Amino acid sequence: MIRFGLYEYVRNIWFHLCIVFIMIIMMVITTVFLSNVDQQTRLYRLTEDYLDENSIFISFADGKLLEELEHVDKVLAAQTVSGYVEQDSKEKMIHTAIYTEEVMKYLKPRLNAGEQLKKADVDEDTVAVLISENPYGISVGDTFVYNIYSGEKILSVKVYVAGIISEGQKIYDGKTEIKKSMIYEDFFTTYSYQQTGEVLMITTEQEMNKAGDLRDSYFYRNCIVKLEDGILEESKNANIKKVKEFETDLFGMTSMNVYPQTKTLVYRSESILKGELLKYIPLSVIVFLLLTICITGMVSIKTARSTRYYGILYACGMEYRVAQLMTGVEMGMNCLIAVIFTVSLLKIQSRLKLVGEINCSLELPELMVMFVLCAVVILWSVFTARGILKENTPVQILKDKE
Amino acid sequence: MMIKLAMKNIKNSFQSSRKIYILMMISQLTAVLSIFFAYGIYTSYSAKMQELDIDSYIIGADFSRTEVCEMGSLRECLPEILDKMENKMDYVFVGANFKEQDLVMYNEYYDGKFHLSETIAAKQNSVTGRMLNDEDVVNANQVAYKVGVAKVGQTIDIGGIKFEVIGDKGDERLDMWWLPITSCPEEAEAYAISIFFNELPTQEDYLTLENGLKKEFGNRVTMDEFEVRNEEELISIRSVIMLSLAVGMISALNTCLLYGYIISRRRKQMAVYGIVGASKTLRLAIQQMEIMLISLAMELVGFLLFRFALQDLLVSVYETGVRLYGAKSYVIMLTAYTLCIFLVTYLMLKIMNREKLPDMMRRARND
């Protein structure tokens, strides 16, 4: 039976190759589509949990201020430290953005070289970092001592460079301009070493904790503080007062009035996001339509081509269930080959950027959709074959196919 | 007679393989719609990408319209600013007004002097007369080029200075005078300045321009925001462009797959035609005609459906300054699509018809 199935597969090899090719393109389309939507919406998905009517914005804070605030549900803040690396007896400045796990999940930096922090193999006392292009000659695999300004002290930390950050991507370092027309995107900076001349490192809280508790050295910028639901207006105003006092003590003025009203910011953000997503609706309709037509076409032709053959075998005593199984196995093989090729192609594209850089990540949602596509194709083929074989006698099948 | 035969074949095929035929027609229709759609997406997003790309290489400022910022003052402070950007700069654009006369100046700056912008000059096609040249700028000649329509040789008065009109573009929609920055009247009111770079401008360049202009004009100048080139947006746009190409590809492939199947079912019929005396060419022509009749019918339906039901909706969603769909673009797309269908099916038919008649009959029985 297996030999027969393989023979049947090879007999129609060109047809199967066509199917594989079409399936590869289908999977590439769905992967790129989903990756692109994911990329477009990630900033909103990161901030939507923090932005509501009760949120307050703080342009600059320290750990103490954030602890003093009451009825706080959660805080999203750009945590940064400033420091330097010593080269030729000179202090070469490097700022560091420290991401929480949540921020890292949504803002995973694109890299020009090296690997992500999670994959870095470092000692327990070495902090893995990603660094931007820099004039200091620091590159992937280098280890150096990073000296952090911490009040009047300097804290030295051993760091290992896991990767080089690409230019022109969104980061969370709090260095954005605060303005009345802000939306959720404006909390994040588009970073470029080439254009700003500032060298940047990115690491996670988890990595930074290896060097000890450095939270006193952190600056918290462009914070979104979500207060608890049902908070009283007095409590909210008390928090705002604390922030204003803190800013006035430090800078002689407060920037809280520069931020837009939370309601306005939320409304504007949602409108802009909806506008962006609206552009994907016609594309998704077309893609869905095409995928349906393609799958229907492939399955119909597969069944039409094989029916007479199965009719002969059916007449010779083979059960229709076996024909179903063979159809399922054939299409399963096509799907497996298509998945292998698609994953390989997308990995090669990510590495070599054959068509320039595009969004084509292979995360769980994309792989799930590939799996669903394969399942639909296999099941549809199996049930279509069953439908024809079960509802017709072998003579009817052979007669129809004369 | 051939058309009659092709129509009869279509009718018979439809009756014998109804599902496949309906599927093929729907597939063709979807393919046509997908191609129109993909073209729109491709054009819209390519224009957006180009716009974003260009914007990354410009820094600029606007001058107050209520408080005068004189060209004389601007011309004095520019050399100090542009000296620091000389190596990276392509050209500087200055826009000014003098009593409702719109003045534009496109200049390069190097070796301590203003020169004509070669980048812009190369894009101008003078209908009459000549363009400005480098000598006009270096020597501060009192000459003017009309970006619009003007009488060459006439003399015009701008700010009390007589300018000789040396050429015009011949475009009635435009109405601006291109002057050498060195001879522009001092009293002309500057309204905008933009510096175009060959490489990405840095924050330092931005601050140089800002400090230089603020020093001269104070609050009368408003700087454009310094925008770091957003690679993520460019990547996103490039991804959508690739998607549109993939959509076009898959719709074409699917149609070819269906046609391939239909053609393979005709082996016996073609063999019979051959046996009764039809030449290879005639057999090929009959089949090809049948395919082209169906394709053209579906293309027409697809075009009408898209043009009258979907086009406006798409244009409103993907709003762009670029005109997405015109008669020319439709004709090109439909011609290209028809040609592709013709070539692919021609090849398939040619391969099928090259076999000997007995082999064709034998293969038809075994399929």
# chains A, B, ... in the order shown; residues from 1 in each chain; ligands from 1
call {"tool": "interface_residues", "arguments": {"of": "chain A", "to": "chain B", "cutoff": "8 Å", "atoms": "only C-alpha atoms", "output": "NGL selection string"}}
result
:A and (18 or 22 or 25-26 or 29 or 32-33 or 36 or 39-40 or 167-170 or 190-192 or 194-197 or 278-279 or 282 or 286-287 or 289-290 or 293-294 or 297 or 300-301 or 305 or 308 or 356-359 or 402)
call {"tool": "write_last_selection", "arguments": {"atoms": "N, CA and C atoms", "output": "CSV table (one decimal), in the first residue's frame"}}
result
chain,number,residue,atom,x,y,z
A,18,CYS,N,3.4,21.5,-8.5
A,18,CYS,CA,2.6,22.7,-8.7
A,18,CYS,C,1.9,23.1,-7.4
A,22,ILE,N,2.3,26.4,-5.1
A,22,ILE,CA,1.1,27.3,-4.7
A,22,ILE,C,1.0,27.4,-3.2
A,25,ILE,N,3.6,29.7,-1.7
A,25,ILE,CA,3.2,31.1,-1.8
A,25,ILE,C,2.1,31.5,-0.9
A,26,MET,N,1.1,30.6,-0.7
A,26,MET,CA,0.1,30.9,0.2
A,26,MET,C,0.6,31.1,1.6
A,29,ILE,N,2.5,34.4,1.9
A,29,ILE,CA,1.5,35.5,2.0
A,29,ILE,C,1.0,35.6,3.4
A,32,VAL,N,3.8,36.8,5.9
A,32,VAL,CA,4.2,38.2,5.8
A,32,VAL,C,3.0,39.1,6.2
A,33,PHE,N,1.8,38.7,5.9
A,33,PHE,CA,0.6,39.5,6.3
A,33,PHE,C,0.5,39.6,7.8
A,36,ASN,N,3.3,41.6,9.4
A,36,ASN,CA,3.2,43.1,9.2
A,36,ASN,C,2.1,43.7,10.1
A,39,GLN,N,3.5,43.8,13.6
A,39,GLN,CA,4.5,44.9,13.7
A,39,GLN,C,3.8,46.3,13.8
A,40,GLN,N,2.8,46.5,13.0
A,40,GLN,CA,2.1,47.7,13.0
A,40,GLN,C,1.3,48.0,14.3
A,167,GLU,N,19.5,50.4,12.6
A,167,GLU,CA,19.1,51.8,12.6
A,167,GLU,C,17.6,52.0,12.4
A,168,GLY,N,17.1,53.1,12.8
A,168,GLY,CA,15.7,53.5,12.3
A,168,GLY,C,14.6,52.7,12.9
A,169,GLN,N,14.7,52.2,14.2
A,169,GLN,CA,13.6,51.5,14.8
A,169,GLN,C,13.2,52.1,16.0
A,170,LYS,N,12.0,51.7,16.4
A,170,LYS,CA,11.4,52.3,17.6
A,170,LYS,C,12.0,51.7,18.9
A,190,THR,N,12.2,57.0,17.5
A,190,THR,CA,12.9,56.3,16.4
A,190,THR,C,14.3,56.6,16.5
A,191,TYR,N,15.1,55.5,16.7
A,191,TYR,CA,16.5,55.7,17.0
A,191,TYR,C,17.4,55.5,15.8
A,192,SER,N,18.4,56.4,15.7
A,192,SER,CA,19.4,56.2,14.7
A,192,SER,C,20.7,56.7,15.2
A,194,GLN,N,23.4,57.0,13.4
A,194,GLN,CA,23.9,57.7,12.3
A,194,GLN,C,23.4,59.2,12.3
A,195,GLN,N,22.2,59.4,12.7
A,195,GLN,CA,21.6,60.7,12.7
A,195,GLN,C,21.7,61.5,14.0
A,196,THR,N,21.8,60.7,15.1
A,196,THR,CA,21.8,61.4,16.4
A,196,THR,C,23.2,61.5,17.0
A,197,GLY,N,24.0,60.5,16.6
A,197,GLY,CA,25.4,60.5,17.2
A,197,GLY,C,25.5,59.9,18.6
A,278,LEU,N,-7.6,49.8,8.9
A,278,LEU,CA,-8.6,49.8,7.8
A,278,LEU,C,-7.9,49.4,6.5
A,279,LYS,N,-6.7,49.8,6.3
A,279,LYS,CA,-6.0,49.6,5.0
A,279,LYS,C,-5.7,48.1,4.8
A,282,PRO,N,-9.2,45.5,3.0
A,282,PRO,CA,-9.3,45.0,1.6
A,282,PRO,C,-8.3,43.9,1.3
A,286,ILE,N,-9.0,40.1,0.0
A,286,ILE,CA,-8.5,39.5,-1.2
A,286,ILE,C,-7.6,38.3,-0.9
A,287,VAL,N,-6.8,38.3,0.1
A,287,VAL,CA,-6.0,37.2,0.5
A,287,VAL,C,-6.9,36.0,0.9
A,289,LEU,N,-10.0,35.4,0.0
A,289,LEU,CA,-10.6,35.0,-1.3
A,289,LEU,C,-9.7,34.1,-2.1
A,290,LEU,N,-8.5,34.6,-2.3
A,290,LEU,CA,-7.5,33.9,-3.1
A,290,LEU,C,-7.2,32.5,-2.5
A,293,ILE,N,-10.1,30.2,-3.1
A,293,ILE,CA,-10.1,29.7,-4.5
A,293,ILE,C,-9.0,28.8,-4.8
A,294,CYS,N,-7.8,29.1,-4.3
A,294,CYS,CA,-6.6,28.2,-4.5
A,294,CYS,C,-6.8,26.8,-3.9
A,297,GLY,N,-9.5,25.0,-5.8
A,297,GLY,CA,-9.0,24.6,-7.1
A,297,GLY,C,-8.1,23.4,-7.0
A,300,SER,N,-10.1,20.2,-6.0
A,300,SER,CA,-11.0,19.8,-7.0
A,300,SER,C,-10.2,19.1,-8.1
A,301,ILE,N,-9.1,19.7,-8.5
A,301,ILE,CA,-8.3,19.1,-9.6
A,301,ILE,C,-7.7,17.8,-9.1
A,305,ARG,N,-8.5,14.4,-11.0
A,305,ARG,CA,-7.5,13.6,-11.6
A,305,ARG,C,-7.4,12.2,-11.1
A,308,ARG,N,-10.8,8.5,-11.5
A,308,ARG,CA,-10.9,7.3,-12.4
A,308,ARG,C,-10.0,6.2,-11.9
A,356,GLY,N,15.2,42.7,0.1
A,356,GLY,CA,15.3,43.8,1.1
A,356,GLY,C,14.7,43.3,2.4
A,357,GLU,N,14.7,44.1,3.4
A,357,GLU,CA,14.1,43.7,4.7
A,357,GLU,C,12.6,43.8,4.7
A,358,ILE,N,12.0,42.7,5.0
A,358,ILE,CA,10.5,42.7,5.1
A,358,ILE,C,10.1,42.1,6.4
A,359,ASN,N,8.9,42.2,6.8
A,359,ASN,CA,8.4,41.6,8.1
A,359,ASN,C,8.0,40.2,7.7
A,402,GLU,N,-15.1,8.1,-18.5
A,402,GLU,CA,-14.7,7.6,-19.8
A,402,GLU,C,-14.3,8.7,-20.7
call {"tool": "select_by_dssp", "arguments": {"residues": "stretch 32-269 of chain B", "states": "helix (DSSP H, G or I)", "output": "PyMOL selection string"}}
result
chain B and resi 32-55+71-83+118-121+134-138+203-220+231-265+267-269
call {"tool": "write_last_selection", "arguments": {"atoms": "C-alpha atoms", "output": "short mmCIF file (atom, residue, chain, number, x, y, z; two decimals), in the first residue's frame"}}
result
data_model
loop_
_atom_site.label_atom_id
_atom_site.label_comp_id
_atom_site.auth_asym_id
_atom_site.auth_seq_id
_atom_site.Cartn_x
_atom_site.Cartn_y
_atom_site.Cartn_z
CA VAL B 32 -8.30 39.81 -12.58
CA LEU B 33 -9.63 41.55 -9.46
CA SER B 34 -6.51 40.57 -7.52
CA ILE B 35 -4.25 41.96 -10.19
CA PHE B 36 -6.06 45.30 -10.28
CA PHE B 37 -6.02 45.42 -6.52
CA ALA B 38 -2.37 44.40 -6.28
CA TYR B 39 -1.44 47.07 -8.80
CA GLY B 40 -3.21 49.73 -6.74
CA ILE B 41 -1.48 48.62 -3.55
CA TYR B 42 1.88 48.45 -5.29
CA THR B 43 1.57 51.94 -6.78
CA SER B 44 0.19 53.51 -3.63
CA TYR B 45 2.79 52.06 -1.33
CA SER B 46 5.69 52.62 -3.73
CA ALA B 47 4.77 56.30 -3.89
CA LYS B 48 4.55 56.41 -0.09
CA MET B 49 7.94 54.74 0.23
CA GLN B 50 9.51 57.20 -2.16
CA GLU B 51 7.97 60.12 -0.29
CA LEU B 52 9.24 58.85 3.07
CA ASP B 53 12.65 58.23 1.59
CA ILE B 54 12.91 61.73 0.15
CA ASP B 55 11.61 63.38 3.33
CA MET B 71 16.00 87.71 1.59
CA GLY B 72 18.89 90.05 2.21
CA SER B 73 19.23 88.87 5.82
CA LEU B 74 18.82 85.24 4.80
CA ARG B 75 21.43 85.54 2.10
CA GLU B 76 23.86 86.95 4.65
CA CYS B 77 23.44 84.20 7.22
CA LEU B 78 23.25 81.25 4.83
CA PRO B 79 26.96 80.95 3.94
CA GLU B 80 27.91 80.46 7.60
CA ILE B 81 25.30 77.72 7.93
CA LEU B 82 25.98 76.01 4.62
CA ASP B 83 29.77 76.03 5.09
CA GLU B 118 22.46 70.86 -11.14
CA THR B 119 19.97 68.35 -9.70
CA ILE B 120 17.01 70.63 -10.32
CA ALA B 121 18.34 72.15 -13.54
CA ASP B 134 25.98 78.48 -13.10
CA GLU B 135 27.44 81.71 -14.43
CA ASP B 136 24.15 83.52 -13.79
CA VAL B 137 24.31 82.54 -10.13
CA VAL B 138 28.03 83.14 -9.56
CA GLN B 203 20.97 66.21 14.48
CA GLU B 204 24.09 68.35 14.32
CA ASP B 205 23.12 69.59 10.86
CA TYR B 206 19.64 70.35 12.15
CA LEU B 207 21.01 72.31 15.09
CA THR B 208 23.39 74.19 12.82
CA LEU B 209 20.50 75.33 10.66
CA GLU B 210 18.32 76.08 13.67
CA ASN B 211 20.95 78.09 15.49
CA GLY B 212 21.93 79.98 12.39
CA LEU B 213 18.35 80.92 11.50
CA LYS B 214 17.28 81.70 15.08
CA LYS B 215 20.32 83.95 15.49
CA GLU B 216 19.19 86.00 12.52
CA PHE B 217 15.41 85.77 12.73
CA GLY B 218 14.60 84.75 16.29
CA ASN B 219 10.99 83.69 16.70
CA ARG B 220 10.14 84.61 13.14
CA GLU B 231 13.24 52.11 8.78
CA GLU B 232 10.37 50.18 10.36
CA GLU B 233 7.83 52.05 8.33
CA LEU B 234 9.86 51.47 5.19
CA ILE B 235 10.06 47.77 6.01
CA SER B 236 6.32 47.65 6.55
CA ILE B 237 5.69 49.32 3.21
CA ARG B 238 8.12 47.00 1.47
CA SER B 239 6.32 44.02 3.02
CA VAL B 240 2.98 45.19 1.66
CA ILE B 241 4.52 45.69 -1.78
CA MET B 242 5.85 42.12 -1.65
CA LEU B 243 2.42 40.92 -0.57
CA SER B 244 0.82 42.60 -3.57
CA LEU B 245 3.32 40.90 -5.87
CA ALA B 246 2.71 37.53 -4.23
CA VAL B 247 -1.04 38.00 -4.58
CA GLY B 248 -0.59 38.63 -8.29
CA MET B 249 1.65 35.57 -8.60
CA ILE B 250 -0.62 33.16 -6.82
CA SER B 251 -3.70 34.24 -8.74
CA ALA B 252 -1.81 33.67 -11.99
CA LEU B 253 -0.51 30.27 -10.84
CA ASN B 254 -3.91 29.09 -9.76
CA THR B 255 -5.42 30.04 -13.10
CA CYS B 256 -2.62 28.21 -14.91
CA LEU B 257 -3.24 25.11 -12.80
CA LEU B 258 -6.90 25.07 -13.72
CA TYR B 259 -6.18 25.71 -17.38
CA GLY B 260 -3.56 22.96 -17.30
CA TYR B 261 -6.16 20.50 -16.09
CA ILE B 262 -8.76 21.56 -18.65
CA ILE B 263 -6.23 21.30 -21.46
CA SER B 264 -5.16 17.85 -20.31
CA ARG B 265 -8.80 16.71 -20.51
CA ARG B 267 -6.28 15.28 -25.30
CA LYS B 268 -8.75 12.79 -26.68
CA GLN B 269 -10.79 15.45 -28.43
#
call {"tool": "atom_distance", "arguments": {"atom1": "atom CA of A:Glu363", "atom2": "atom CA of A:Phe187"}}
result
25.7 Å
call {"tool": "closest_residue", "arguments": {"among": "B:Met352, B:Leu103, B:Ile181, B:Leu174", "to": "B:Asn141", "atoms": "only C-alpha atoms"}}
result
B:Ile181
call {"tool": "atom_distance", "arguments": {"atom1": "atom CA of A:Arg45", "atom2": "atom CA of A:Ser344"}}
result
29.4 Å
call {"tool": "residues_around", "arguments": {"residues": "B:Asn133", "least_positions_apart": "5", "cutoff": "12 Å", "atoms": "only C-alpha atoms", "output": "MDAnalysis selection string"}}
result
chainID B and resid 106:108 114:118 120:122 124 138:141 143:145 166:167 178:180
call {"tool": "residues_around", "arguments": {"residues": "B:Ile193", "least_positions_apart": "3", "cutoff": "9 Å", "atoms": "only C-alpha atoms", "output": "tab-separated table (two decimals) with all heavy atoms, in the first residue's frame"}}
result
chain	number	residue	atom	x	y	z
B	59	ILE	N	15.96	68.84	5.63
B	59	ILE	CA	15.61	69.58	6.84
B	59	ILE	C	15.26	70.99	6.40
B	59	ILE	O	15.81	71.49	5.42
B	59	ILE	CB	16.73	69.61	7.91
B	59	ILE	CG1	18.07	70.06	7.33
B	59	ILE	CG2	16.87	68.28	8.59
B	59	ILE	CD1	19.15	70.22	8.38
B	60	GLY	N	14.32	71.60	7.10
B	60	GLY	CA	13.88	72.90	6.62
B	60	GLY	C	13.22	73.72	7.70
B	60	GLY	O	13.12	73.32	8.86
B	61	ALA	N	12.77	74.87	7.28
B	61	ALA	CA	12.11	75.79	8.20
B	61	ALA	C	11.15	76.67	7.43
B	61	ALA	O	11.28	76.85	6.21
B	61	ALA	CB	13.14	76.63	8.92
B	62	ASP	N	10.18	77.19	8.16
B	62	ASP	CA	9.24	78.16	7.58
B	62	ASP	C	9.47	79.50	8.24
B	62	ASP	O	9.77	79.57	9.43
B	62	ASP	CB	7.79	77.73	7.83
B	62	ASP	CG	7.46	76.47	7.05
B	62	ASP	OD1	7.92	76.36	5.90
B	62	ASP	OD2	6.76	75.60	7.60
B	63	PHE	N	9.26	80.54	7.48
B	63	PHE	CA	9.39	81.89	8.03
B	63	PHE	C	8.02	82.49	8.25
B	63	PHE	O	7.06	82.14	7.58
B	63	PHE	CB	10.20	82.78	7.07
B	63	PHE	CG	11.61	82.33	6.88
B	63	PHE	CD1	11.97	81.59	5.77
B	63	PHE	CD2	12.59	82.63	7.81
B	63	PHE	CE1	13.27	81.15	5.60
B	63	PHE	CE2	13.89	82.20	7.64
B	63	PHE	CZ	14.23	81.45	6.53
B	92	VAL	N	20.07	73.75	-1.80
B	92	VAL	CA	19.17	74.43	-0.87
B	92	VAL	C	18.07	75.10	-1.67
B	92	VAL	O	18.33	75.70	-2.73
B	92	VAL	CB	19.92	75.44	0.03
B	92	VAL	CG1	20.70	76.45	-0.79
B	92	VAL	CG2	18.97	76.15	0.96
B	93	PHE	N	16.86	74.95	-1.19
B	93	PHE	CA	15.71	75.60	-1.82
B	93	PHE	C	15.29	76.77	-0.93
B	93	PHE	O	15.18	76.64	0.29
B	93	PHE	CB	14.55	74.63	-1.96
B	93	PHE	CG	13.22	75.31	-2.15
B	93	PHE	CD1	12.86	75.84	-3.38
B	93	PHE	CD2	12.33	75.47	-1.09
B	93	PHE	CE1	11.65	76.49	-3.54
B	93	PHE	CE2	11.11	76.12	-1.25
B	93	PHE	CZ	10.77	76.63	-2.48
B	94	VAL	N	15.09	77.91	-1.56
B	94	VAL	CA	14.55	79.05	-0.82
B	94	VAL	C	13.32	79.53	-1.57
B	94	VAL	O	13.35	79.71	-2.79
B	94	VAL	CB	15.58	80.19	-0.69
B	94	VAL	CG1	14.94	81.40	-0.02
B	94	VAL	CG2	16.79	79.73	0.09
B	95	GLY	N	12.24	79.73	-0.84
B	95	GLY	CA	11.01	80.26	-1.44
B	95	GLY	C	10.78	81.66	-0.90
B	95	GLY	O	10.96	81.91	0.29
B	190	ALA	N	11.19	86.04	2.45
B	190	ALA	CA	11.39	84.59	2.43
B	190	ALA	C	10.27	83.91	3.19
B	190	ALA	O	9.83	84.39	4.24
B	190	ALA	CB	12.73	84.23	3.06
call {"tool": "select_by_dssp", "arguments": {"residues": "stretch 114-350 of chain B", "states": "strand (DSSP E or B)", "output": "PyMOL selection string"}}
result
chain B and resi 114-116+128-129+143-147+155-158+161-168+176-178+189-197+221-223
call {"tool": "write_last_selection", "arguments": {"atoms": "N, CA and C atoms", "output": "tab-separated table (two decimals), in the first residue's frame"}}
result
chain	number	residue	atom	x	y	z
B	114	PHE	N	27.65	80.55	-3.93
B	114	PHE	CA	26.43	79.89	-4.40
B	114	PHE	C	26.61	79.50	-5.86
B	115	HIS	N	26.06	78.33	-6.19
B	115	HIS	CA	26.07	77.86	-7.58
B	115	HIS	C	24.67	77.36	-7.93
B	116	LEU	N	24.47	77.12	-9.20
B	116	LEU	CA	23.18	76.61	-9.64
B	116	LEU	C	23.03	75.15	-9.19
B	128	THR	N	10.97	77.35	-24.24
B	128	THR	CA	11.58	78.42	-25.05
B	128	THR	C	12.74	79.02	-24.27
B	129	GLY	N	13.69	79.56	-24.99
B	129	GLY	CA	14.82	80.23	-24.35
B	129	GLY	C	15.77	79.24	-23.72
B	143	VAL	N	18.76	87.79	-14.26
B	143	VAL	CA	17.99	87.02	-15.22
B	143	VAL	C	16.97	86.18	-14.46
B	144	ALA	N	15.89	85.85	-15.16
B	144	ALA	CA	14.84	85.06	-14.50
B	144	ALA	C	14.34	83.98	-15.46
B	145	TYR	N	14.05	82.82	-14.87
B	145	TYR	CA	13.48	81.71	-15.65
B	145	TYR	C	12.07	81.49	-15.13
B	146	LYS	N	11.11	81.46	-16.05
B	146	LYS	CA	9.71	81.32	-15.62
B	146	LYS	C	9.33	79.85	-15.50
B	147	VAL	N	9.02	79.44	-14.29
B	147	VAL	CA	8.46	78.09	-14.11
B	147	VAL	C	6.97	78.26	-14.37
B	155	THR	N	11.39	92.14	-20.15
B	155	THR	CA	12.02	92.53	-18.87
B	155	THR	C	10.94	92.64	-17.82
B	156	ILE	N	11.19	92.08	-16.67
B	156	ILE	CA	10.21	92.20	-15.58
B	156	ILE	C	10.87	92.91	-14.41
B	157	ASP	N	10.02	93.52	-13.60
B	157	ASP	CA	10.50	94.29	-12.45
B	157	ASP	C	10.14	93.53	-11.19
B	158	ILE	N	11.17	93.16	-10.45
B	158	ILE	CA	10.92	92.52	-9.14
B	158	ILE	C	11.72	93.31	-8.11
B	161	ILE	N	14.25	95.85	-9.31
B	161	ILE	CA	15.38	95.36	-10.13
B	161	ILE	C	14.80	94.78	-11.43
B	162	LYS	N	15.44	95.16	-12.53
B	162	LYS	CA	14.97	94.66	-13.83
B	162	LYS	C	15.61	93.30	-14.12
B	163	PHE	N	14.76	92.32	-14.35
B	163	PHE	CA	15.25	90.97	-14.69
B	163	PHE	C	14.87	90.65	-16.13
B	164	GLU	N	15.81	90.09	-16.85
B	164	GLU	CA	15.51	89.67	-18.22
B	164	GLU	C	14.99	88.23	-18.18
B	165	VAL	N	13.87	88.00	-18.85
B	165	VAL	CA	13.31	86.64	-18.90
B	165	VAL	C	14.07	85.86	-19.95
B	166	ILE	N	14.74	84.81	-19.52
B	166	ILE	CA	15.62	84.07	-20.44
B	166	ILE	C	14.99	82.76	-20.94
B	167	GLY	N	13.95	82.30	-20.26
B	167	GLY	CA	13.33	81.06	-20.71
B	167	GLY	C	12.09	80.75	-19.91
B	168	ASP	N	11.31	79.79	-20.40
B	168	ASP	CA	10.15	79.36	-19.62
B	168	ASP	C	9.93	77.86	-19.81
B	176	MET	N	5.79	80.68	-11.24
B	176	MET	CA	6.86	81.08	-10.32
B	176	MET	C	8.05	81.58	-11.13
B	177	TRP	N	8.81	82.45	-10.50
B	177	TRP	CA	10.05	82.91	-11.13
B	177	TRP	C	11.22	82.26	-10.43
B	178	TRP	N	12.10	81.64	-11.22
B	178	TRP	CA	13.32	81.06	-10.67
B	178	TRP	C	14.43	82.09	-10.89
B	189	GLU	N	10.38	88.71	0.56
B	189	GLU	CA	10.10	88.07	1.85
B	189	GLU	C	10.23	86.56	1.73
B	190	ALA	N	11.19	86.04	2.45
B	190	ALA	CA	11.39	84.59	2.43
B	190	ALA	C	10.27	83.91	3.19
B	191	TYR	N	9.74	82.80	2.67
B	191	TYR	CA	8.71	82.06	3.40
B	191	TYR	C	9.14	80.64	3.77
B	192	ALA	N	10.14	80.13	3.07
B	192	ALA	CA	10.55	78.76	3.40
B	192	ALA	C	11.98	78.50	2.95
B	193	ILE	N	12.64	77.63	3.68
B	193	ILE	CA	13.96	77.16	3.27
B	193	ILE	C	14.01	75.66	3.53
B	194	SER	N	14.58	74.94	2.56
B	194	SER	CA	14.77	73.49	2.73
B	194	SER	C	16.14	73.13	2.20
B	195	ILE	N	16.83	72.32	2.99
B	195	ILE	CA	18.15	71.85	2.55
B	195	ILE	C	18.03	70.38	2.21
B	196	PHE	N	18.42	70.03	1.02
B	196	PHE	CA	18.35	68.64	0.53
B	196	PHE	C	19.75	68.04	0.62
B	197	PHE	N	19.81	66.87	1.21
B	197	PHE	CA	21.11	66.24	1.46
B	197	PHE	C	21.33	65.02	0.57
B	221	VAL	N	11.18	82.46	12.78
B	221	VAL	CA	11.40	81.22	12.01
B	221	VAL	C	10.91	80.02	12.82
B	222	THR	N	10.24	79.11	12.14
B	222	THR	CA	9.76	77.88	12.80
B	222	THR	C	10.41	76.69	12.10
B	223	MET	N	11.17	75.94	12.86
B	223	MET	CA	11.87	74.80	12.26
B	223	MET	C	10.91	73.64	12.04
call {"tool": "residues_around", "arguments": {"residues": "B:Arg283", "least_positions_apart": "6", "cutoff": "12 Å", "atoms": "only C-alpha atoms", "output": "PyMOL selection string"}}
result
chain B and resi 2+5-6+263+266-277+289-290+346+349-350+352-354+357
call {"tool": "write_last_selection", "arguments": {"atoms": "C-alpha atoms", "output": "short mmCIF file (atom, residue, chain, number, x, y, z; two decimals), in the first residue's frame"}}
result
data_model
loop_
_atom_site.label_atom_id
_atom_site.label_comp_id
_atom_site.auth_asym_id
_atom_site.auth_seq_id
_atom_site.Cartn_x
_atom_site.Cartn_y
_atom_site.Cartn_z
CA MET B 2 -13.67 28.40 -35.66
CA LEU B 5 -16.62 25.46 -32.93
CA ALA B 6 -14.94 27.09 -29.94
CA ILE B 263 -6.23 21.30 -21.46
CA ARG B 266 -8.89 17.69 -24.16
CA ARG B 267 -6.28 15.28 -25.30
CA LYS B 268 -8.75 12.79 -26.68
CA GLN B 269 -10.79 15.45 -28.43
CA MET B 270 -7.70 16.89 -30.06
CA ALA B 271 -6.60 13.43 -31.11
CA VAL B 272 -10.00 12.86 -32.74
CA TYR B 273 -9.75 16.23 -34.53
CA GLY B 274 -6.35 15.17 -35.79
CA ILE B 275 -7.63 11.80 -36.99
CA VAL B 276 -10.39 13.47 -39.02
CA GLY B 277 -7.86 15.73 -40.70
CA MET B 289 -9.59 30.48 -29.16
CA GLU B 290 -11.75 28.74 -26.59
CA TYR B 346 -0.06 28.38 -25.91
CA LEU B 349 -1.17 23.35 -25.91
CA LYS B 350 1.99 23.20 -27.97
CA MET B 352 0.26 18.54 -25.75
CA ASN B 353 -0.14 18.75 -29.51
CA ARG B 354 3.41 17.78 -30.35
CA LEU B 357 -2.08 11.05 -32.49
#
call {"tool": "closest_residue", "arguments": {"among": "A:Leu373, A:Leu291, A:Ile131, A:Ile13", "to": "A:Glu198", "atoms": "only C-alpha atoms"}}
result
A:Ile131
call {"tool": "atom_distance", "arguments": {"atom1": "atom CA of A:Gln206", "atom2": "atom CA of A:Val122"}}
result
12.9 Å
call {"tool": "residues_around", "arguments": {"residues": "A:Val72", "least_positions_apart": "6", "cutoff": "10 Å", "atoms": "only C-alpha atoms", "output": "count of residues only"}}
result
11
call {"tool": "closest_residue", "arguments": {"among": "A:Tyr172, A:Ala211, A:Thr203, A:Ser306", "to": "A:Met326", "atoms": "only C-alpha atoms"}}
result
A:Ser306
